[in-house]
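Structure file entry27.txt with compact mmCIF, C-alpha atoms:
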```txt
# COMPACT_ATOMS: atom_id res chain seq x y z
CA MET Z 1 -12.36 -14.71 19.47
CA THR Z 2 -12.25 -11.45 21.38
CA THR Z 3 -10.01 -12.83 24.11
CA VAL Z 4 -7.60 -14.29 21.55
CA LEU Z 5 -7.31 -10.95 19.75
CA ALA Z 6 -6.89 -9.05 23.03
CA THR Z 7 -3.44 -10.54 23.60
CA ARG Z 8 -0.56 -9.93 21.22
CA ALA Z 9 -0.32 -12.45 18.40
CA PRO Z 10 2.88 -14.49 18.65
CA TRP Z 11 5.24 -14.18 15.66
CA PHE Z 12 4.67 -17.78 14.57
CA VAL Z 13 0.98 -17.04 14.07
CA ALA Z 14 1.15 -13.51 12.62
CA GLY Z 15 4.15 -14.19 10.34
CA PRO Z 16 2.74 -17.20 8.44
CA LEU Z 17 -0.68 -15.46 8.22
CA ILE Z 18 0.94 -12.48 6.48
CA GLY Z 19 2.81 -14.92 4.24
CA LEU Z 20 -0.48 -16.61 3.31
CA LEU Z 21 -2.01 -13.20 2.61
CA ILE Z 22 0.78 -12.47 0.10
CA VAL Z 23 0.09 -15.83 -1.60
CA LEU Z 24 -3.66 -15.26 -1.61
CA LEU Z 25 -3.38 -11.76 -3.09
CA LEU Z 26 -1.06 -13.03 -5.83
CA TRP Z 27 -3.43 -15.94 -6.50
CA ILE Z 28 -6.50 -13.73 -6.84
CA THR Z 29 -5.05 -10.65 -8.54
CA ASN Z 30 -1.58 -11.67 -9.80
CA LYS Z 31 -0.23 -8.56 -8.04
CA PRO Z 32 2.47 -8.27 -5.37
CA LEU Z 33 1.50 -6.96 -1.93
CA GLY Z 34 2.92 -3.64 -0.74
CA ALA Z 35 1.65 -0.72 1.29
CA LEU Z 36 3.62 2.22 -0.12
CA GLY Z 37 1.89 2.00 -3.52
CA GLY Z 38 -1.37 3.17 -1.95
CA TYR Z 39 0.22 6.39 -0.69
CA ILE Z 40 1.78 6.92 -4.14
CA GLU Z 41 -1.62 6.49 -5.81
CA PHE Z 42 -3.08 9.04 -3.42
CA ASP Z 43 -0.33 11.56 -4.27
CA GLU Z 44 -0.75 10.96 -7.99
CA TRP Z 45 -4.50 11.41 -7.65
CA VAL Z 46 -4.10 14.73 -5.79
CA THR Z 47 -1.56 16.01 -8.34
CA ARG Z 48 -3.82 14.88 -11.23
CA VAL Z 49 -1.28 12.39 -12.55
CA ARG Z 50 -4.11 9.86 -12.37
CA SER Z 51 -7.83 10.54 -12.50
CA THR Z 52 -9.01 7.83 -10.08
CA LEU Z 53 -7.60 5.99 -7.10
CA GLY Z 54 -6.55 2.42 -7.83
CA TRP Z 55 -6.73 -0.77 -5.81
CA ARG Z 56 -3.52 0.00 -3.89
CA ALA Z 57 -5.10 3.09 -2.33
CA VAL Z 58 -8.13 1.00 -1.42
CA PHE Z 59 -5.75 -1.54 0.12
CA VAL Z 60 -4.31 1.14 2.43
CA VAL Z 61 -7.83 2.23 3.44
CA GLY Z 62 -8.45 -1.44 4.22
CA VAL Z 63 -5.35 -1.51 6.44
CA MET Z 64 -6.77 1.45 8.38
CA VAL Z 65 -10.09 -0.36 8.84
CA GLY Z 66 -8.21 -3.52 9.86
CA GLY Z 67 -6.28 -1.46 12.40
CA THR Z 68 -9.51 -0.10 13.85
CA LEU Z 69 -10.92 -3.63 14.07
CA SER Z 70 -7.76 -4.91 15.78
CA ALA Z 71 -8.21 -2.26 18.47
CA ALA Z 72 -11.98 -2.64 18.76
CA VAL Z 73 -11.94 -6.41 19.24
CA GLY Z 74 -8.82 -6.21 21.42
CA ALA Z 75 -8.35 -3.75 24.23
CA GLY Z 76 -10.89 -1.31 22.76
CA TRP Z 77 -10.56 1.73 20.50
CA HIS Z 78 -8.94 4.49 22.54
CA PRO Z 79 -7.74 7.49 20.49
CA THR Z 80 -4.51 8.95 21.84
CA LEU Z 81 -1.63 11.28 21.06
CA ALA Z 82 0.73 9.18 23.21
CA TYR Z 83 3.32 7.13 21.39
CA GLY Z 84 4.90 4.59 23.75
CA SER Z 85 8.48 5.30 24.77
CA PHE Z 86 8.83 7.84 21.95
CA ASP Z 87 7.99 10.46 24.57
CA ALA Z 88 10.75 9.17 26.85
CA VAL Z 89 13.29 9.13 24.01
CA PHE Z 90 12.54 12.44 22.30
CA GLY Z 91 10.40 14.27 24.89
CA SER Z 92 6.64 14.66 24.97
CA SER Z 93 6.29 18.15 23.47
CA LEU Z 94 3.73 18.04 20.67
CA TRP Z 95 5.85 20.28 18.43
CA LEU Z 96 8.79 17.95 18.82
CA LYS Z 97 6.58 15.03 17.86
CA VAL Z 98 5.29 16.89 14.81
CA THR Z 99 8.83 17.79 13.71
CA VAL Z 100 10.43 14.37 14.24
CA LEU Z 101 7.53 12.31 12.88
CA PHE Z 102 6.87 14.55 9.87
CA SER Z 103 10.58 14.57 8.94
CA ALA Z 104 10.74 10.81 9.42
CA GLY Z 105 7.68 10.50 7.20
CA VAL Z 106 9.35 12.52 4.45
CA LEU Z 107 12.33 10.14 4.57
CA ILE Z 108 10.03 7.09 4.55
CA GLY Z 109 7.97 8.40 1.63
CA GLY Z 110 10.78 9.85 -0.48
CA GLY Z 111 13.25 7.06 0.30
CA GLY Z 112 10.70 4.30 -0.20
CA ARG Z 113 9.56 5.85 -3.47
CA LEU Z 114 13.16 6.04 -4.70
CA ALA Z 115 13.86 2.46 -3.61
CA GLY Z 116 10.61 1.26 -5.19
CA GLY Z 117 9.17 -0.29 -2.04
CA CYS Z 118 8.84 -0.43 1.72
CA THR Z 119 9.13 -3.01 4.49
CA SER Z 120 6.13 -4.92 3.16
CA GLY Z 121 6.72 -4.43 -0.59
CA HIS Z 122 10.44 -5.20 -0.61
CA GLY Z 123 11.01 -6.76 2.82
CA LEU Z 124 8.21 -9.31 2.83
CA CYS Z 125 6.85 -9.64 -0.70
CA GLY Z 126 9.81 -8.82 -2.96
CA THR Z 127 12.17 -11.10 -1.05
CA SER Z 128 9.68 -13.97 -1.14
CA LEU Z 129 9.44 -13.51 -4.93
CA GLY Z 130 13.24 -13.70 -5.08
CA SER Z 131 13.85 -10.20 -6.41
CA PRO Z 132 17.56 -9.28 -6.03
CA ALA Z 133 16.72 -5.56 -5.58
CA SER Z 134 14.41 -6.45 -2.70
CA PHE Z 135 17.19 -8.31 -0.87
CA VAL Z 136 19.52 -5.34 -1.34
CA CYS Z 137 16.84 -2.90 -0.15
CA THR Z 138 15.85 -5.02 2.86
CA ALA Z 139 19.47 -5.50 3.97
CA THR Z 140 20.10 -1.76 3.50
CA PHE Z 141 17.09 -0.40 5.38
CA MET Z 142 17.43 -3.01 8.15
CA ALA Z 143 21.10 -2.19 8.73
CA THR Z 144 20.46 1.57 8.51
CA ALA Z 145 17.49 1.45 10.89
CA ILE Z 146 19.38 -0.67 13.42
CA ALA Z 147 22.43 1.63 13.32
CA CYS Z 148 20.23 4.72 13.52
CA THR Z 149 18.21 3.40 16.48
CA PHE Z 150 21.39 2.53 18.38
CA ALA Z 151 22.75 6.01 17.61
CA ILE Z 152 19.55 7.65 18.89
CA ALA Z 153 19.62 5.54 22.07
CA TRP Z 154 23.25 6.51 22.61
CA VAL Z 155 22.73 10.26 21.97
CA PHE Z 156 19.51 10.58 23.96
CA GLY Z 157 20.54 8.05 26.57
CA ALA Z 158 17.14 6.35 26.61
CA MET X 1 -14.48 -3.72 -9.28
CA GLY X 2 -13.15 -7.14 -8.31
CA ILE X 3 -9.60 -5.97 -7.79
CA LYS X 4 -10.64 -3.06 -5.56
CA LEU X 5 -12.82 -5.31 -3.41
CA THR X 6 -9.95 -7.80 -3.13
CA GLY X 7 -7.57 -4.94 -2.32
CA PHE X 8 -9.87 -3.71 0.41
CA ALA X 9 -10.41 -7.16 1.93
CA SER X 10 -6.70 -8.02 1.91
CA GLY X 11 -5.96 -4.58 3.37
CA VAL X 12 -8.38 -5.23 6.23
CA ALA X 13 -6.75 -8.60 6.87
CA PHE X 14 -3.27 -7.06 6.76
CA GLY X 15 -4.23 -4.24 9.13
CA LEU X 16 -5.89 -6.67 11.52
CA ILE X 17 -2.80 -8.89 11.67
CA LEU X 18 -0.42 -5.91 12.03
CA GLY X 19 -2.51 -4.52 14.88
CA TRP X 20 -2.93 -7.94 16.52
CA ALA X 21 0.86 -8.52 16.39
CA ARG X 22 1.38 -4.98 17.84
CA LEU X 23 3.61 -3.95 14.94
CA THR X 24 1.79 -0.64 15.41
CA ASP X 25 3.59 -0.10 18.74
CA TYR X 26 6.61 2.18 18.72
CA ASP X 27 8.23 0.02 21.39
CA ALA X 28 7.81 -3.24 19.47
CA ILE X 29 9.71 -1.75 16.52
CA ARG X 30 12.29 -0.04 18.75
CA ASP X 31 12.98 -3.22 20.72
CA MET X 32 13.46 -5.02 17.43
CA LEU X 33 15.84 -2.40 16.03
CA LEU X 34 17.82 -2.32 19.31
CA LEU X 35 18.11 -6.12 18.94
CA ARG X 36 16.37 -6.62 22.30
CA GLN X 37 13.50 -8.77 21.00
CA PRO X 38 13.76 -11.23 18.11
CA ASP X 39 9.94 -11.46 17.62
CA VAL X 40 9.54 -9.00 14.75
CA PHE X 41 12.53 -10.42 12.87
CA LEU X 42 11.10 -13.92 13.28
CA LEU X 43 7.67 -12.66 12.20
CA MET X 44 9.12 -11.13 9.03
CA MET X 45 11.22 -14.19 8.22
CA SER X 46 8.33 -16.60 8.73
CA ALA X 47 6.07 -14.41 6.57
CA MET X 48 8.67 -14.27 3.83
CA LEU X 49 9.36 -18.03 3.92
CA THR X 50 5.65 -18.92 3.95
CA ALA X 51 5.06 -16.64 0.98
CA ALA X 52 8.18 -17.89 -0.83
CA VAL X 53 6.91 -21.47 -0.66
CA GLY X 54 3.32 -20.53 -1.47
CA VAL X 55 4.00 -18.42 -4.56
CA ARG X 56 6.29 -21.08 -5.97
CA LEU X 57 3.59 -23.71 -5.49
CA LEU X 58 1.17 -21.47 -7.42
CA ARG X 59 3.68 -21.17 -10.24
CA ALA X 60 4.68 -24.85 -10.20
CA PHE X 61 1.06 -25.96 -10.53
CA LYS X 62 0.52 -23.40 -13.31
CA VAL X 63 -2.32 -21.79 -11.38
CA ARG X 64 -4.13 -18.90 -13.06
CA SER X 65 -5.27 -15.77 -11.25
CA VAL X 66 -8.85 -15.80 -9.99
CA LEU X 67 -9.79 -12.37 -11.37
CA ASP X 68 -8.42 -12.42 -14.91
CA ALA X 69 -7.20 -15.99 -15.47
CA THR X 70 -3.65 -14.88 -16.29
CA PRO X 71 -0.88 -17.34 -15.37
CA ILE X 72 0.59 -16.48 -11.95
CA ALA X 73 3.88 -14.72 -12.65
CA TRP X 74 6.01 -11.89 -11.36
CA SER X 75 8.97 -9.85 -12.44
CA THR X 76 12.13 -9.33 -10.42
CA GLN X 77 14.50 -6.36 -10.41
CA THR X 78 18.26 -6.14 -10.33
CA SER X 79 19.56 -3.64 -7.80
CA HIS X 80 20.68 -0.14 -8.70
CA ARG X 81 22.10 2.80 -6.80
CA ARG X 82 18.62 4.23 -6.21
CA HIS X 83 17.64 1.10 -4.25
CA ILE X 84 20.51 1.62 -1.83
CA VAL X 85 20.17 5.41 -1.52
CA GLY X 86 16.38 5.16 -1.14
CA SER X 87 16.62 2.38 1.44
CA ILE X 88 19.14 4.31 3.53
CA LEU X 89 16.74 7.28 3.70
CA PHE X 90 13.85 4.88 4.36
CA GLY X 91 15.79 3.15 7.15
CA ILE X 92 16.50 6.44 8.93
CA GLY X 93 12.82 7.40 8.69
CA TRP X 94 11.71 3.97 9.90
CA SER X 95 14.02 4.24 12.91
CA LEU X 96 12.90 7.77 13.84
CA ALA X 97 9.17 7.16 13.41
CA GLY X 98 9.17 3.55 14.65
CA THR X 99 6.84 2.69 11.81
CA CYS X 100 6.64 2.09 8.06
CA PRO X 101 3.81 2.48 5.52
CA GLY X 102 1.82 -0.70 6.39
CA PRO X 103 1.75 -0.36 10.19
CA LEU X 104 1.36 3.41 9.76
CA ALA X 105 -2.08 3.01 8.18
CA ALA X 106 -3.01 0.53 10.93
CA GLN X 107 -1.86 3.09 13.55
CA LEU X 108 -4.22 5.66 12.04
CA GLY X 109 -7.06 3.17 12.28
CA ARG X 110 -6.19 2.29 15.86
CA GLY X 111 -6.51 5.93 16.87
CA GLN X 112 -2.81 6.56 17.46
CA PHE X 113 -3.16 10.03 16.09
CA VAL X 114 0.52 11.05 16.12
CA SER X 115 0.61 8.89 12.99
CA LEU X 116 -1.18 11.75 11.20
CA PHE X 117 2.12 13.68 11.28
CA THR X 118 4.03 10.69 9.92
CA THR X 119 1.42 10.16 7.20
CA GLY X 120 1.63 13.83 6.19
CA GLY X 121 5.39 13.37 5.93
CA VAL X 122 5.12 10.21 3.81
CA LEU X 123 2.78 11.91 1.33
CA THR X 124 5.08 14.97 1.24
CA GLY X 125 8.17 12.79 0.73
CA ILE X 126 6.59 11.01 -2.25
CA PHE X 127 5.51 14.40 -3.63
CA ILE X 128 9.06 15.82 -3.31
CA HIS X 129 10.55 12.73 -4.95
CA ASP X 130 8.15 12.90 -7.89
CA ARG X 131 8.70 16.66 -8.29
CA ILE X 132 12.47 16.20 -8.47
CA ARG X 133 12.11 13.36 -10.97
CA VAL X 134 9.74 15.34 -13.19
CA ARG X 135 12.13 18.33 -13.15
CA ARG X 136 15.04 16.10 -14.13
CA GLN X 137 13.06 14.51 -16.94
CA ALA X 138 12.03 17.98 -18.12
CA VAL X 139 15.68 19.03 -18.31
CA VAL X 140 16.61 15.88 -20.20
CA THR X 141 13.74 16.12 -22.68
CA ARG X 142 13.80 19.89 -23.14
CA PRO X 143 15.32 19.88 -26.65
CA ILE X 144 12.51 17.58 -27.84
CA GLY X 145 9.82 20.16 -27.43
CA GLU X 146 7.76 22.54 -25.40
CA ALA X 147 5.28 19.87 -24.34
CA ALA X 148 7.75 18.01 -22.14
CA LEU X 149 8.80 21.23 -20.49
CA VAL X 150 5.23 22.24 -19.78
CA ALA X 151 4.46 18.77 -18.39
CA GLY X 152 7.55 19.06 -16.22
CA LEU X 153 6.43 22.31 -14.64
```
Encoding of this model in structure tokens:
Amino acid sequence: MTTVLATRAPWFVAGPLIGLLIVLLLWITNKPLGALGGYIEFDEWVTRVRSTLGWRAVFVVGVMVGGTLSAAVGAGWHPTLAYGSFDAVFGSSLWLKVTVLFSAGVLIGGGGRLAGGCTSGHGLCGTSLGSPASFVCTATFMATAIACTFAIAWVFGA
Amino acid sequence: MGIKLTGFASGVAFGLILGWARLTDYDAIRDMLLLRQPDVFLLMMSAMLTAAVGVRLLRAFKVRSVLDATPIAWSTQTSHRRHIVGSILFGIGWSLAGTCPGPLAAQLGRGQFVSLFTTGGVLTGIFIHDRIRVRRQAVVTRPIGEAALVAGL
């Protein structure tokens, strides 16, 4: 078990498992899977739009716990401020990281909220349910992200 | 209670798979977006196809939900301008941060603490969006009465 989880799951294992999870969640709760909703619930709770956190916020807490487990049973839980080749692309200054990642987060949160879903909500779940808006959103954020990443690689030369 | 427990359990499973597949790594997402590695695209497509078949089987066999025995059903949306505008902003953010809301929560759990900055941004972005929308609604509904205006501010 531990040795299996220590190496990266191949796409043909992880992909169908996530697909089954979408089916299972719909079967049990009749609700579509999506991560952004949990962050929205948290915001609405803080701003008193809602009095209690709903199941989507609990889902996101679960994802955090799952992340911890994936590290613990894999290579071990090692807290870090490093972020792969991000440092090589943008530089390793902490202030730069704060600025770029926070701004990116604002775009992810605001844009995802406006579009009504994220990579999991629209990209995986909405498309599998055959929602036309989800196909439009997925094609749009995929194309934008690819173009943007190529532009960054070209500008920063990394 | 049931739905929260289910939400938590499915969240744990989702986070575990995301971490196991290394979708929490900046480089895995960057290599995908630079079209260097097809893995993440294949992962997403296989997830979507598996789910597409599964949910249709549930509907075809008229299965009812476990928690409240309602017939399995879902609504779909037609696309509007906000979907495109929102997804363009989302795509730029995804590219810069190398992560999106699902893997982001898993990053936090894995101890990749730069994700705290991204998370702060996501919560701020949602807050800004909702503020703008409330303001707009307040302007639209102003003639109706004071209450809408007060709620808007």
Could you make a table, as a tab-separated table, of the residues of segment 34-108 of chain X that have an atom within 6 Å of an atom of segment 135-144 of chain Z, each with its nearest atom pair and distance in Å to one decimal, counting only C-alpha atoms, in chain and number order?
```
residue	atom	partner	partner_atom	distance
X:His83	CA	Z:Cys137	CA	5.8
X:Ser87	CA	Z:Phe141	CA	4.8
X:Ile88	CA	Z:Phe141	CA	5.5
X:Gly91	CA	Z:Phe141	CA	4.2
```
Would you mind exporting the chosen residues as a PDB file, in the frame of the given file, restricted to C-alpha atoms?
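Wrote result.pdb, looks like this:
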```pdb
ATOM      1  CA  HIS X  83      17.640   1.100  -4.250  1.00  0.00           C
ATOM      2  CA  SER X  87      16.620   2.380   1.440  1.00  0.00           C
ATOM      3  CA  ILE X  88      19.140   4.310   3.530  1.00  0.00           C
ATOM      4  CA  GLY X  91      15.790   3.150   7.150  1.00  0.00           C
TER       5      GLY X  91
END
```
Using all atoms listed in the file, determine which residues lie at most 8 Å from segment 106-116 of chain X, disregarding the query and same-chain residues fewer than 4 positions distant; provide the list as a list in words.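 Surrounding residues, per the criterion: Val63, Met64, Val65, Gly66, Gly67, Thr68, Leu69, Ser70, Ala71, Trp77, His78, Pro79, Thr80, Leu81, Ala82, Tyr83, Lys97, Val98 and Leu101 of chain Z; Gly15, Leu16, Leu18, Gly19, Thr24, Gly102 and Gly120 of chain X.
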Two-atom distance - atom CA of Phe102 of chain Z, atom CA of Ala57 of chain Z (Å):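 Atom CA of Ala57 of chain Z lies at a distance of 20.6 Å from atom CA of Phe102 of chain Z.
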Could you pull the residues within 7 Å of Thr149 of chain Z, counting only C-alpha atoms, minus those fewer than 3 positions along the same chain, as an NGL selection string? (:Z and (145-146 or 152-153)) or (:X and (33-34 or 95))
Point out the residue among Z:Ala14, Z:Phe42, Z:Val4, Z:Ser92 with the least atom-to-atom distance to Ser46 of chain X, counting all atoms listed in the file.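 Selected residue with least distance to Ser46 of chain X: Z:Ala14.
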Report, in Å to a single decimal, how far apart atom CA of Thr99 of chain X and atom CA of Arg50 of chain Z are.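 Pair atom CA of Arg50 of chain Z / atom CA of Thr99 of chain X returns 27.5 Å.
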Quick one: residues within 10 Å of Pro101 of chain X, all atoms listed in the file, excluding same-chain residues fewer than 2 positions away - as a PyMOL selection string? (chain Z and resi 34-39+60+105+108-109+112+117-121) or (chain X and resi 94+99+103-107+118-119+122)
What does the structure give for the distance between atom CA of Leu124 of chain Z and atom CA of Leu49 of chain X, in Å to one decimal?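 Those two atoms sit 8.9 Å apart.
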I'd like the contact shell of Gly54 of chain X - 10 Å cut-off, all atoms listed in the file, skipping same-chain residues fewer than 6 positions apart - returned as a ChimeraX atom specification. /Z:19-24,26-27,128-129 /X:48,60
Taking all atoms listed in the file into account, which of Z:Leu107, Z:Val73, Z:Leu114, Z:Leu33 comes nearest Ile18 of chain Z?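 The shortest atom-to-atom distance to Ile18 of chain Z comes from Z:Leu33.
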Between Z:Val155, Z:Ser134, Z:Val49, Z:Arg8, which has the minimum distance to Gly116 of chain Z (counting only C-alpha atoms)?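 So, comparing all the options, the nearest one is Z:Ser134.
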Here is a test: counting all atoms listed in the file, which residue of Z:Trp154, Z:Phe90, Z:Trp45, Z:Phe59 is nearest to chain X? Z:Phe59
Starting from the sparse input, extend segment 78-98 of chain Z to N, CA and C atoms and give the output as a short mmCIF file (atom, residue, chain, number, x, y, z; two decimals), in the coordinates of the input.
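part-v4.cif, written as the output of this step:
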```
data_model
loop_
_atom_site.label_atom_id
_atom_site.label_comp_id
_atom_site.auth_asym_id
_atom_site.auth_seq_id
_atom_site.Cartn_x
_atom_site.Cartn_y
_atom_site.Cartn_z
N HIS Z 78 -9.18 3.33 21.69
CA HIS Z 78 -8.94 4.49 22.54
C HIS Z 78 -8.02 5.47 21.82
N PRO Z 79 -8.58 6.51 21.19
CA PRO Z 79 -7.74 7.49 20.49
C PRO Z 79 -6.76 8.16 21.45
N THR Z 80 -5.54 8.38 20.98
CA THR Z 80 -4.51 8.95 21.84
C THR Z 80 -3.46 9.68 21.04
N LEU Z 81 -2.77 10.61 21.67
CA LEU Z 81 -1.63 11.28 21.06
C LEU Z 81 -0.33 10.74 21.66
N ALA Z 82 -0.45 9.79 22.61
CA ALA Z 82 0.73 9.18 23.21
C ALA Z 82 1.36 8.23 22.21
N TYR Z 83 2.66 8.02 22.33
CA TYR Z 83 3.32 7.13 21.39
C TYR Z 83 4.41 6.32 22.08
N GLY Z 84 3.99 5.50 23.05
CA GLY Z 84 4.90 4.59 23.75
C GLY Z 84 6.10 5.33 24.32
N SER Z 85 7.28 4.70 24.19
CA SER Z 85 8.48 5.30 24.77
C SER Z 85 9.07 6.39 23.88
N PHE Z 86 8.39 6.72 22.79
CA PHE Z 86 8.83 7.84 21.95
C PHE Z 86 8.97 9.09 22.81
N ASP Z 87 7.99 9.29 23.70
CA ASP Z 87 7.99 10.46 24.57
C ASP Z 87 9.22 10.46 25.48
N ALA Z 88 9.59 9.27 25.96
CA ALA Z 88 10.75 9.17 26.85
C ALA Z 88 12.05 9.39 26.07
N VAL Z 89 12.07 8.99 24.81
CA VAL Z 89 13.29 9.13 24.01
C VAL Z 89 13.47 10.56 23.54
N PHE Z 90 12.42 11.12 22.93
CA PHE Z 90 12.54 12.44 22.30
C PHE Z 90 11.92 13.58 23.13
N GLY Z 91 11.13 13.24 24.15
CA GLY Z 91 10.40 14.27 24.89
C GLY Z 91 8.96 14.28 24.43
N SER Z 92 8.06 14.80 25.26
CA SER Z 92 6.64 14.66 24.97
C SER Z 92 6.01 15.91 24.37
N SER Z 93 6.84 16.94 24.08
CA SER Z 93 6.29 18.15 23.47
C SER Z 93 5.66 17.83 22.12
N LEU Z 94 4.46 18.37 21.90
CA LEU Z 94 3.73 18.04 20.67
C LEU Z 94 4.48 18.55 19.44
N TRP Z 95 5.12 19.72 19.56
CA TRP Z 95 5.85 20.28 18.43
C TRP Z 95 7.04 19.42 18.04
N LEU Z 96 7.67 18.85 19.07
CA LEU Z 96 8.79 17.95 18.82
C LEU Z 96 8.30 16.71 18.08
N LYS Z 97 7.16 16.21 18.52
CA LYS Z 97 6.58 15.03 17.86
C LYS Z 97 6.26 15.34 16.41
N VAL Z 98 5.63 16.50 16.18
CA VAL Z 98 5.29 16.89 14.81
C VAL Z 98 6.55 16.94 13.96
#
```
